[in-house]
$ cat my_file25.txt   # compact mmCIF, C-alpha atoms
# COMPACT_ATOMS: atom_id res chain seq x y z
CA MET A 1 -12.92 40.55 -19.27
CA ILE A 2 -9.51 39.41 -20.57
CA ALA A 3 -7.80 41.65 -18.04
CA ASP A 4 -9.91 40.22 -15.23
CA LEU A 5 -9.17 36.65 -16.38
CA ALA A 6 -5.47 37.50 -16.23
CA ARG A 7 -5.97 38.86 -12.69
CA LEU A 8 -7.79 35.63 -11.78
CA GLY A 9 -4.95 33.48 -13.14
CA TRP A 10 -2.22 35.57 -11.52
CA THR A 11 -4.01 35.58 -8.14
CA PHE A 12 -4.35 31.78 -8.01
CA LEU A 13 -0.80 31.32 -9.28
CA TRP A 14 0.75 33.18 -6.36
CA LEU A 15 -1.77 31.68 -3.94
CA SER A 16 -0.64 28.21 -5.09
CA ILE A 17 2.96 29.11 -4.27
CA ILE A 18 2.11 30.13 -0.68
CA CYS A 19 0.15 26.91 0.01
CA VAL A 20 2.55 26.00 2.83
CA GLY A 21 0.00 24.61 5.26
CA GLY A 22 -1.97 22.70 2.66
CA GLY A 23 -5.18 24.10 1.19
CA LEU A 24 -6.67 25.35 4.45
CA GLY A 25 -3.71 27.60 5.21
CA VAL A 26 -4.25 29.69 2.11
CA VAL A 27 -7.97 30.26 2.79
CA PRO A 28 -7.56 33.59 4.66
CA GLU A 29 -5.55 35.14 1.83
CA MET A 30 -7.81 33.62 -0.83
CA GLN A 31 -10.89 35.09 0.84
CA ARG A 32 -9.23 38.51 1.06
CA GLN A 33 -8.32 38.48 -2.65
CA VAL A 34 -11.50 36.84 -3.99
CA VAL A 35 -14.05 38.55 -1.75
CA ASP A 36 -12.61 41.79 -0.36
CA ARG A 37 -10.28 42.86 -3.15
CA PHE A 38 -11.69 41.70 -6.50
CA HIS A 39 -15.31 41.04 -5.46
CA TRP A 40 -15.56 37.86 -7.53
CA LEU A 41 -17.73 36.27 -4.82
CA SER A 42 -19.43 37.25 -1.57
CA ALA A 43 -18.07 35.83 1.69
CA ARG A 44 -21.12 33.57 1.90
CA GLU A 45 -20.59 32.23 -1.63
CA PHE A 46 -16.90 31.63 -0.92
CA LEU A 47 -17.71 29.60 2.19
CA ASP A 48 -20.42 27.62 0.35
CA GLY A 49 -17.95 26.90 -2.44
CA TYR A 50 -15.38 25.72 0.09
CA ALA A 51 -17.99 23.42 1.68
CA LEU A 52 -18.98 22.00 -1.73
CA SER A 53 -15.38 21.29 -2.66
CA GLN A 54 -14.88 19.54 0.70
CA LEU A 55 -17.74 17.24 -0.28
CA THR A 56 -16.02 16.42 -3.56
CA PRO A 57 -13.36 13.73 -3.83
CA GLY A 58 -10.05 15.37 -4.69
CA PRO A 59 -7.97 18.25 -3.33
CA THR A 60 -9.72 20.91 -1.23
CA MET A 61 -8.21 23.54 -3.47
CA LEU A 62 -10.77 22.60 -6.12
CA VAL A 63 -12.61 25.53 -4.55
CA VAL A 64 -10.75 27.59 -7.17
CA VAL A 65 -12.98 25.98 -9.84
CA PHE A 66 -15.98 27.31 -7.95
CA VAL A 67 -14.46 30.78 -7.60
CA GLY A 68 -13.45 30.85 -11.27
CA TYR A 69 -16.97 29.87 -12.31
CA GLY A 70 -18.49 32.56 -10.10
CA ALA A 71 -16.19 35.16 -11.63
CA HIS A 72 -16.26 34.24 -15.34
CA GLY A 73 -18.15 31.00 -15.95
CA VAL A 74 -16.50 27.93 -17.45
CA ILE A 75 -13.50 29.85 -18.87
CA GLY A 76 -12.89 31.36 -15.44
CA SER A 77 -12.92 27.96 -13.80
CA LEU A 78 -10.44 26.56 -16.36
CA VAL A 79 -8.07 29.49 -15.86
CA ALA A 80 -8.31 29.17 -12.07
CA LEU A 81 -7.75 25.40 -12.16
CA ALA A 82 -4.71 25.65 -14.44
CA ALA A 83 -3.15 28.49 -12.42
CA MET A 84 -3.64 26.68 -9.11
CA PHE A 85 -2.41 23.23 -10.13
CA LEU A 86 -0.19 23.31 -13.24
CA PRO A 87 2.93 25.24 -12.16
CA VAL A 88 3.21 23.68 -8.68
CA SER A 89 2.55 20.23 -10.15
CA VAL A 90 5.49 20.61 -12.52
CA PHE A 91 7.60 21.74 -9.56
CA ALA A 92 6.42 18.77 -7.48
CA ALA A 93 7.28 16.36 -10.30
CA LEU A 94 10.73 17.95 -10.63
CA ILE A 95 11.72 17.58 -7.00
CA ALA A 96 9.75 14.40 -6.19
CA GLY A 97 12.58 12.15 -7.31
CA HIS A 98 15.15 14.04 -5.25
CA TRP A 99 13.36 14.79 -2.00
CA ALA A 100 13.53 11.21 -0.73
CA ALA A 101 17.33 11.41 -0.96
CA LEU A 102 17.54 14.95 0.48
CA ARG A 103 15.19 14.71 3.42
CA HIS A 104 17.67 13.04 5.76
CA ARG A 105 20.25 15.78 5.40
CA PRO A 106 20.56 17.89 8.56
CA TRP A 107 19.37 21.08 6.86
CA ALA A 108 16.29 19.33 5.45
CA ILE A 109 15.30 18.24 8.95
CA VAL A 110 15.66 21.84 10.17
CA VAL A 111 13.52 23.06 7.26
CA GLU A 112 10.79 20.50 8.01
CA ARG A 113 10.78 21.43 11.71
CA ALA A 114 10.59 25.13 10.91
CA LEU A 115 7.80 24.74 8.35
CA LEU A 116 5.48 22.66 10.53
CA PRO A 117 4.51 25.42 13.02
CA VAL A 118 4.16 27.92 10.16
CA GLY A 119 1.74 25.51 8.48
CA ILE A 120 -0.18 25.02 11.72
CA GLY A 121 -0.50 28.78 12.26
CA LEU A 122 -1.81 29.16 8.71
CA MET A 123 -4.31 26.30 9.13
CA THR A 124 -5.60 27.84 12.35
CA ALA A 125 -6.05 31.16 10.57
CA GLY A 126 -8.00 29.27 7.89
CA VAL A 127 -10.34 27.82 10.51
CA TYR A 128 -10.78 31.33 11.95
CA THR A 129 -11.62 32.79 8.53
CA LEU A 130 -14.18 30.08 7.69
CA ALA A 131 -15.76 30.29 11.15
CA ARG A 132 -16.19 34.07 10.82
CA SER A 133 -18.40 33.68 7.76
CA GLY A 134 -19.93 30.29 8.60
CA ILE A 135 -20.91 30.72 12.26
CA ARG A 136 -23.34 33.59 12.33
CA ASP A 137 -26.04 32.23 14.64
CA VAL A 138 -26.58 29.72 17.44
CA PRO A 139 -27.85 26.83 15.25
CA ALA A 140 -24.80 27.09 12.99
CA ALA A 141 -22.51 27.13 16.02
CA ALA A 142 -24.30 24.09 17.43
CA ILE A 143 -23.93 22.19 14.13
CA ALA A 144 -20.22 23.08 13.96
CA VAL A 145 -19.58 21.95 17.55
CA VAL A 146 -21.44 18.67 17.11
CA ALA A 147 -19.77 17.98 13.75
CA GLY A 148 -16.35 18.80 15.22
CA LEU A 149 -16.87 16.49 18.19
CA VAL A 150 -18.15 13.62 16.03
CA LEU A 151 -15.20 13.98 13.66
CA TRP A 152 -12.75 14.23 16.56
CA THR A 153 -13.69 10.67 17.52
CA GLY A 154 -12.72 9.63 14.00
CA ARG A 155 -15.41 6.96 13.76
CA VAL A 156 -17.72 8.58 11.19
CA PRO A 157 -16.66 9.56 7.64
CA ALA A 158 -16.44 13.34 7.21
CA MET A 159 -18.63 13.35 4.13
CA LEU A 160 -21.45 11.64 6.00
CA VAL A 161 -21.33 14.22 8.81
CA VAL A 162 -21.42 17.11 6.33
CA LEU A 163 -24.36 15.59 4.44
CA ALA A 164 -26.24 14.96 7.69
CA ALA A 165 -25.73 18.61 8.66
CA GLY A 166 -27.07 19.56 5.24
CA ALA A 167 -30.19 17.47 5.90
CA VAL A 168 -30.66 19.23 9.25
CA GLY A 169 -30.34 22.65 7.60
CA TRP A 170 -32.73 21.61 4.83
CA LEU A 171 -35.38 20.44 7.30
CA ALA A 172 -34.95 23.56 9.43
CA ALA A 173 -35.56 25.79 6.42
CA LEU A 174 -38.73 24.03 5.25
CA MET B 1 6.95 21.70 -0.68
CA PRO B 2 4.56 24.42 -1.86
CA GLY B 3 1.33 23.64 -3.61
CA PRO B 4 -1.82 21.75 -2.78
CA THR B 5 -0.53 18.78 -0.76
CA PHE B 6 -2.90 16.11 -1.94
CA SER B 7 -2.20 16.44 -5.65
CA ASN B 8 1.53 16.75 -4.95
CA ILE B 9 1.51 13.32 -3.32
CA ALA B 10 -0.25 11.83 -6.33
CA ILE B 11 2.26 13.45 -8.66
CA ALA B 12 5.23 12.33 -6.56
CA LEU B 13 3.90 8.79 -6.64
CA GLY B 14 3.31 9.04 -10.38
CA VAL B 15 6.91 10.13 -10.96
CA ARG B 16 8.22 7.20 -9.00
CA LEU B 17 6.01 4.70 -10.83
CA GLY B 18 6.13 5.97 -14.37
CA GLY B 19 8.32 9.05 -14.81
CA TRP B 20 6.80 12.10 -16.48
CA ARG B 21 3.91 10.17 -17.95
CA GLY B 22 3.15 8.72 -14.53
CA ALA B 23 3.16 12.21 -13.01
CA LEU B 24 0.78 13.46 -15.67
CA TRP B 25 -1.68 10.62 -15.13
CA GLY B 26 -1.31 10.74 -11.35
CA GLY B 27 -2.09 14.45 -11.25
CA ALA B 28 -4.94 14.24 -13.75
CA ALA B 29 -6.57 11.28 -12.03
CA VAL B 30 -6.67 13.12 -8.72
CA ILE B 31 -7.64 16.57 -9.97
CA LEU B 32 -9.91 16.24 -12.99
CA PRO B 33 -12.86 14.13 -11.70
CA GLY B 34 -13.28 16.38 -8.66
CA ALA B 35 -12.89 19.47 -10.83
CA LEU B 36 -15.77 18.31 -13.04
CA ILE B 37 -17.98 17.73 -10.00
CA VAL B 38 -17.18 21.15 -8.50
CA LEU B 39 -17.85 22.74 -11.91
CA THR B 40 -21.27 21.09 -12.05
CA LEU B 41 -22.09 22.12 -8.48
CA ALA B 42 -20.94 25.68 -9.20
CA ALA B 43 -23.14 25.84 -12.30
CA VAL B 44 -26.19 24.78 -10.26
CA TYR B 45 -25.29 27.14 -7.43
CA PHE B 46 -24.77 30.25 -9.56
CA ARG B 47 -27.77 29.66 -11.82
CA GLY B 48 -29.81 30.75 -8.81
CA GLY B 49 -30.84 27.15 -8.24
CA LEU B 50 -30.85 27.65 -4.47
CA SER B 51 -34.39 27.46 -3.12
CA PRO B 52 -34.78 28.46 0.56
CA ALA B 53 -34.65 24.77 1.53
CA LEU B 54 -31.42 24.20 -0.46
CA GLY B 55 -30.03 27.40 1.05
CA GLY B 56 -30.74 25.92 4.47
CA ALA B 57 -28.95 22.72 3.50
CA MET B 58 -25.98 24.80 2.31
CA HIS B 59 -25.88 26.65 5.65
CA GLY B 60 -25.92 23.37 7.55
CA MET B 61 -23.14 21.87 5.42
CA SER B 62 -20.97 24.98 5.69
CA ALA B 63 -21.31 24.98 9.47
CA ALA B 64 -20.35 21.30 9.58
CA VAL B 65 -17.32 22.02 7.38
CA VAL B 66 -16.19 24.62 9.93
CA GLY B 67 -16.42 21.90 12.59
CA LEU B 68 -14.55 19.54 10.25
CA VAL B 69 -11.61 21.86 9.60
CA PHE B 70 -11.48 22.67 13.32
CA ALA B 71 -11.24 18.97 14.24
CA THR B 72 -8.59 18.34 11.54
CA THR B 73 -6.49 21.28 12.70
CA ALA B 74 -6.85 20.35 16.37
CA ARG B 75 -5.60 16.87 15.57
CA VAL B 76 -2.53 18.21 13.75
CA ILE B 77 -1.79 20.58 16.65
CA VAL B 78 -2.06 17.83 19.28
CA GLY B 79 0.21 15.58 17.25
CA SER B 80 2.95 18.10 16.65
CA ILE B 81 3.67 20.15 19.76
CA ARG B 82 7.02 19.11 21.17
CA ASP B 83 8.54 22.22 22.72
CA TRP B 84 7.82 25.92 23.36
CA ARG B 85 9.08 27.05 19.97
CA SER B 86 6.40 25.59 17.72
CA PRO B 87 3.34 26.94 19.65
CA LEU B 88 4.99 30.36 19.78
CA LEU B 89 5.65 30.50 16.04
CA ALA B 90 2.25 29.00 15.16
CA ALA B 91 0.43 31.51 17.39
CA ALA B 92 2.32 34.44 15.83
CA VAL B 93 1.48 33.25 12.31
CA PHE B 94 -2.18 32.75 13.28
CA LEU B 95 -2.52 36.23 14.80
CA LEU B 96 -0.89 37.97 11.84
CA VAL B 97 -2.76 36.10 9.08
CA GLY B 98 -6.10 35.68 10.86
CA PRO B 99 -7.29 38.58 13.05
CA LEU B 100 -4.65 41.11 11.92
CA HIS B 101 -5.17 40.53 8.16
CA VAL B 102 -1.50 40.79 7.22
CA ASN B 103 -0.71 39.52 3.72
CA THR B 104 0.07 35.79 3.92
CA ALA B 105 3.03 35.93 1.54
CA LEU B 106 4.65 38.57 3.77
CA VAL B 107 3.97 36.55 6.93
CA ILE B 108 5.51 33.43 5.34
CA ALA B 109 8.53 35.43 4.20
CA LEU B 110 9.06 36.52 7.83
CA ALA B 111 8.03 33.29 9.58
CA ILE B 112 10.22 30.84 7.67
CA PRO B 113 13.51 32.59 8.52
CA ALA B 114 12.27 32.96 12.11
CA GLY B 115 11.51 29.23 12.22
CA LEU B 116 14.87 28.31 10.71
CA TRP B 117 16.59 30.47 13.35
CA LEU B 118 14.55 28.95 16.21
CA TYR B 119 15.40 25.44 15.03
CA ARG B 120 19.00 26.13 14.02
CA PRO B 121 21.29 23.24 14.81
CA ARG B 122 23.23 23.84 17.98
CA ARG B 123 26.62 22.54 18.74
CA PRO B 124 26.66 20.73 22.05
CA SER B 125 28.09 23.14 24.65
CA SER B 126 31.04 21.87 26.70
$ encode --input "my_file25.txt" --output "structure tokens"
Amino acid sequence: MIADLARLGWTFLWLSIICVGGGLGVVPEMQRQVVDRFHWLSAREFLDGYALSQLTPGPTMLVVVFVGYGAHGVIGSLVALAAMFLPVSVFAALIAGHWAALRHRPWAIVVERALLPVGIGLMTAGVYTLARSGIRDVPAAAIAVVAGLVLWTGRVPAMLVVLAAGAVGWLAAL
Amino acid sequence: MPGPTFSNIAIALGVRLGGWRGALWGGAAVILPGALIVLTLAAVYFRGGLSPALGGAMHGMSAAVVGLVFATTARVIVGSIRDWRSPLLAAAVFLLVGPLHVNTALVIALAIPAGLWLYRPRRPSS
């Protein structure tokens, strides 16, 4: 149990460091570690946890609380939360004061330009990973397409669309 | 900057407004309320509280979230393509991390130097 908690903490620590494309970009690797390697959750549970943390105000990466709970209850979720947010937060606080001054240097502009496509590639891989476990049948695909189109217009809040889709799924299962 | 973007912004703002104490409060204010909600939802979920109807609702919401992340990503892609280099690098990263299941840390370690090389400053010729 202690050993597995340490594995949980270590896994989310290095996952937090490779969060280059925001939370979504780290989803493929997180699923591989959490589902395929350590079997803390099933692919279905991981996707459901991701959906629930999208519904919650706050960073998407709160999904680690869900994963930690699934693995080892409340202690697991505390370990996962601390590993994901504490070290990188300290780092962010350390460089926050300096970045504004550094970002106009020529090398900083090169770094930003180089990181953007890497982040986009990672995000796209995140969409691919979530779609592989979330879109298993025609109704799910239809919901995803409709939700995507509605959100593309930008007129409806995301949370409302997700809740409406939940209502549709609930009625369909009755 | 590595790390979950959203909380980093809150922390950066906190630093600017109130130094270390500001960073602490900024981070906590953004992370902790959501963490409590996810914890509660996880407790309900894993206690086997999912009746078939709730399972159906979960399926619907997950499918919508796939549509949501697709729309978000599509918007970022449309807003950021300026030349041939960025689609090339993004596509390579996608293929390696997504369908080919290569370890993300390894892909980043290869892709960042590749990106820096592609975008290296050039002296004007002539």
$ interface_residues --input "my_file25.txt" --of "chain B" --to "chain A" --cutoff "7 Å" --atoms "only C-alpha atoms" --output "ChimeraX atom specification"
/B:2-8,11-12,15-16,23,30-31,34-35,37-39,42,46,52-54,56-71,73,77,86-87,89-91,93-94,97-98,103-105,111-112,115-116,119-120
$ closest_residue --input "my_file25.txt" --among "A:Ala101, A:Ala80, A:Ala71, A:Val138" --to "Ser42 (chain A)" --atoms "only C-alpha atoms"
A:Ala71
$ atom_distance --input "my_file25.txt" --atom1 "CA of Ala108 (chain A)" --atom2 "CA of Ala114 (chain B)"
15.7 Å
$ atom_distance --input "my_file25.txt" --atom1 "CA of Trp117 (chain B)" --atom2 "CA of Arg85 (chain B)"
10.6 Å
$ atom_distance --input "my_file25.txt" --atom1 "CA of Gly76 (chain A)" --atom2 "CA of Leu24 (chain B)"
22.5 Å
$ build_atoms --input "my_file25.txt" --residues "region 4-22 of chain B" --atoms "N, CA, C and O atoms" --output "mmCIF file, in the frame of the given file"
data_model
loop_
_atom_site.group_PDB
_atom_site.id
_atom_site.type_symbol
_atom_site.label_atom_id
_atom_site.label_comp_id
_atom_site.auth_asym_id
_atom_site.auth_seq_id
_atom_site.Cartn_x
_atom_site.Cartn_y
_atom_site.Cartn_z
ATOM 1 N N PRO B 4 -0.794 22.538 -3.448
ATOM 2 C CA PRO B 4 -1.820 21.750 -2.780
ATOM 3 C C PRO B 4 -1.283 20.341 -2.480
ATOM 4 O O PRO B 4 -0.880 19.630 -3.399
ATOM 5 N N THR B 5 -1.233 19.986 -1.211
ATOM 6 C CA THR B 5 -0.530 18.780 -0.760
ATOM 7 C C THR B 5 -1.005 17.506 -1.447
ATOM 8 O O THR B 5 -0.198 16.692 -1.896
ATOM 9 N N PHE B 6 -2.301 17.352 -1.493
ATOM 10 C CA PHE B 6 -2.900 16.110 -1.940
ATOM 11 C C PHE B 6 -2.467 15.754 -3.350
ATOM 12 O O PHE B 6 -2.005 14.642 -3.627
ATOM 13 N N SER B 7 -2.568 16.725 -4.262
ATOM 14 C CA SER B 7 -2.200 16.440 -5.650
ATOM 15 C C SER B 7 -0.699 16.242 -5.767
ATOM 16 O O SER B 7 -0.234 15.463 -6.591
ATOM 17 N N ASN B 8 0.082 16.936 -4.897
ATOM 18 C CA ASN B 8 1.530 16.750 -4.950
ATOM 19 C C ASN B 8 1.916 15.311 -4.629
ATOM 20 O O ASN B 8 2.838 14.754 -5.223
ATOM 21 N N ILE B 9 1.205 14.707 -3.676
ATOM 22 C CA ILE B 9 1.510 13.320 -3.320
ATOM 23 C C ILE B 9 1.236 12.407 -4.510
ATOM 24 O O ILE B 9 2.047 11.540 -4.856
ATOM 25 N N ALA B 10 0.095 12.642 -5.172
ATOM 26 C CA ALA B 10 -0.250 11.830 -6.330
ATOM 27 C C ALA B 10 0.801 11.976 -7.425
ATOM 28 O O ALA B 10 1.194 10.993 -8.070
ATOM 29 N N ILE B 11 1.282 13.210 -7.603
ATOM 30 C CA ILE B 11 2.260 13.450 -8.660
ATOM 31 C C ILE B 11 3.596 12.814 -8.293
ATOM 32 O O ILE B 11 4.248 12.172 -9.129
ATOM 33 N N ALA B 12 3.975 12.931 -6.999
ATOM 34 C CA ALA B 12 5.230 12.330 -6.560
ATOM 35 C C ALA B 12 5.196 10.816 -6.760
ATOM 36 O O ALA B 12 6.160 10.214 -7.240
ATOM 37 N N LEU B 13 4.061 10.232 -6.435
ATOM 38 C CA LEU B 13 3.900 8.790 -6.640
ATOM 39 C C LEU B 13 3.992 8.444 -8.125
ATOM 40 O O LEU B 13 4.646 7.473 -8.515
ATOM 41 N N GLY B 14 3.309 9.261 -8.935
ATOM 42 C CA GLY B 14 3.310 9.040 -10.380
ATOM 43 C C GLY B 14 4.711 9.064 -10.949
ATOM 44 O O GLY B 14 5.081 8.215 -11.766
ATOM 45 N N VAL B 15 5.526 10.030 -10.479
ATOM 46 C CA VAL B 15 6.910 10.130 -10.960
ATOM 47 C C VAL B 15 7.660 8.853 -10.644
ATOM 48 O O VAL B 15 8.375 8.298 -11.480
ATOM 49 N N ARG B 16 7.467 8.372 -9.412
ATOM 50 C CA ARG B 16 8.220 7.200 -9.000
ATOM 51 C C ARG B 16 7.801 5.962 -9.817
ATOM 52 O O ARG B 16 8.605 5.111 -10.147
ATOM 53 N N LEU B 17 6.493 5.893 -10.138
ATOM 54 C CA LEU B 17 6.010 4.700 -10.830
ATOM 55 C C LEU B 17 6.236 4.756 -12.332
ATOM 56 O O LEU B 17 6.527 3.749 -12.952
ATOM 57 N N GLY B 18 6.088 5.947 -12.916
ATOM 58 C CA GLY B 18 6.130 5.970 -14.370
ATOM 59 C C GLY B 18 6.754 7.209 -14.967
ATOM 60 O O GLY B 18 6.403 7.599 -16.081
ATOM 61 N N GLY B 19 7.659 7.887 -14.247
ATOM 62 C CA GLY B 19 8.320 9.050 -14.810
ATOM 63 C C GLY B 19 7.335 10.169 -15.115
ATOM 64 O O GLY B 19 6.324 10.322 -14.425
ATOM 65 N N TRP B 20 7.635 10.950 -16.163
ATOM 66 C CA TRP B 20 6.800 12.100 -16.480
ATOM 67 C C TRP B 20 5.373 11.714 -16.842
ATOM 68 O O TRP B 20 4.423 12.379 -16.470
ATOM 69 N N ARG B 21 5.255 10.587 -17.563
ATOM 70 C CA ARG B 21 3.910 10.170 -17.950
ATOM 71 C C ARG B 21 3.116 9.763 -16.713
ATOM 72 O O ARG B 21 1.940 10.087 -16.580
ATOM 73 N N GLY B 22 3.801 9.100 -15.776
ATOM 74 C CA GLY B 22 3.150 8.720 -14.530
ATOM 75 C C GLY B 22 2.680 9.942 -13.750
ATOM 76 O O GLY B 22 1.579 9.959 -13.200
#
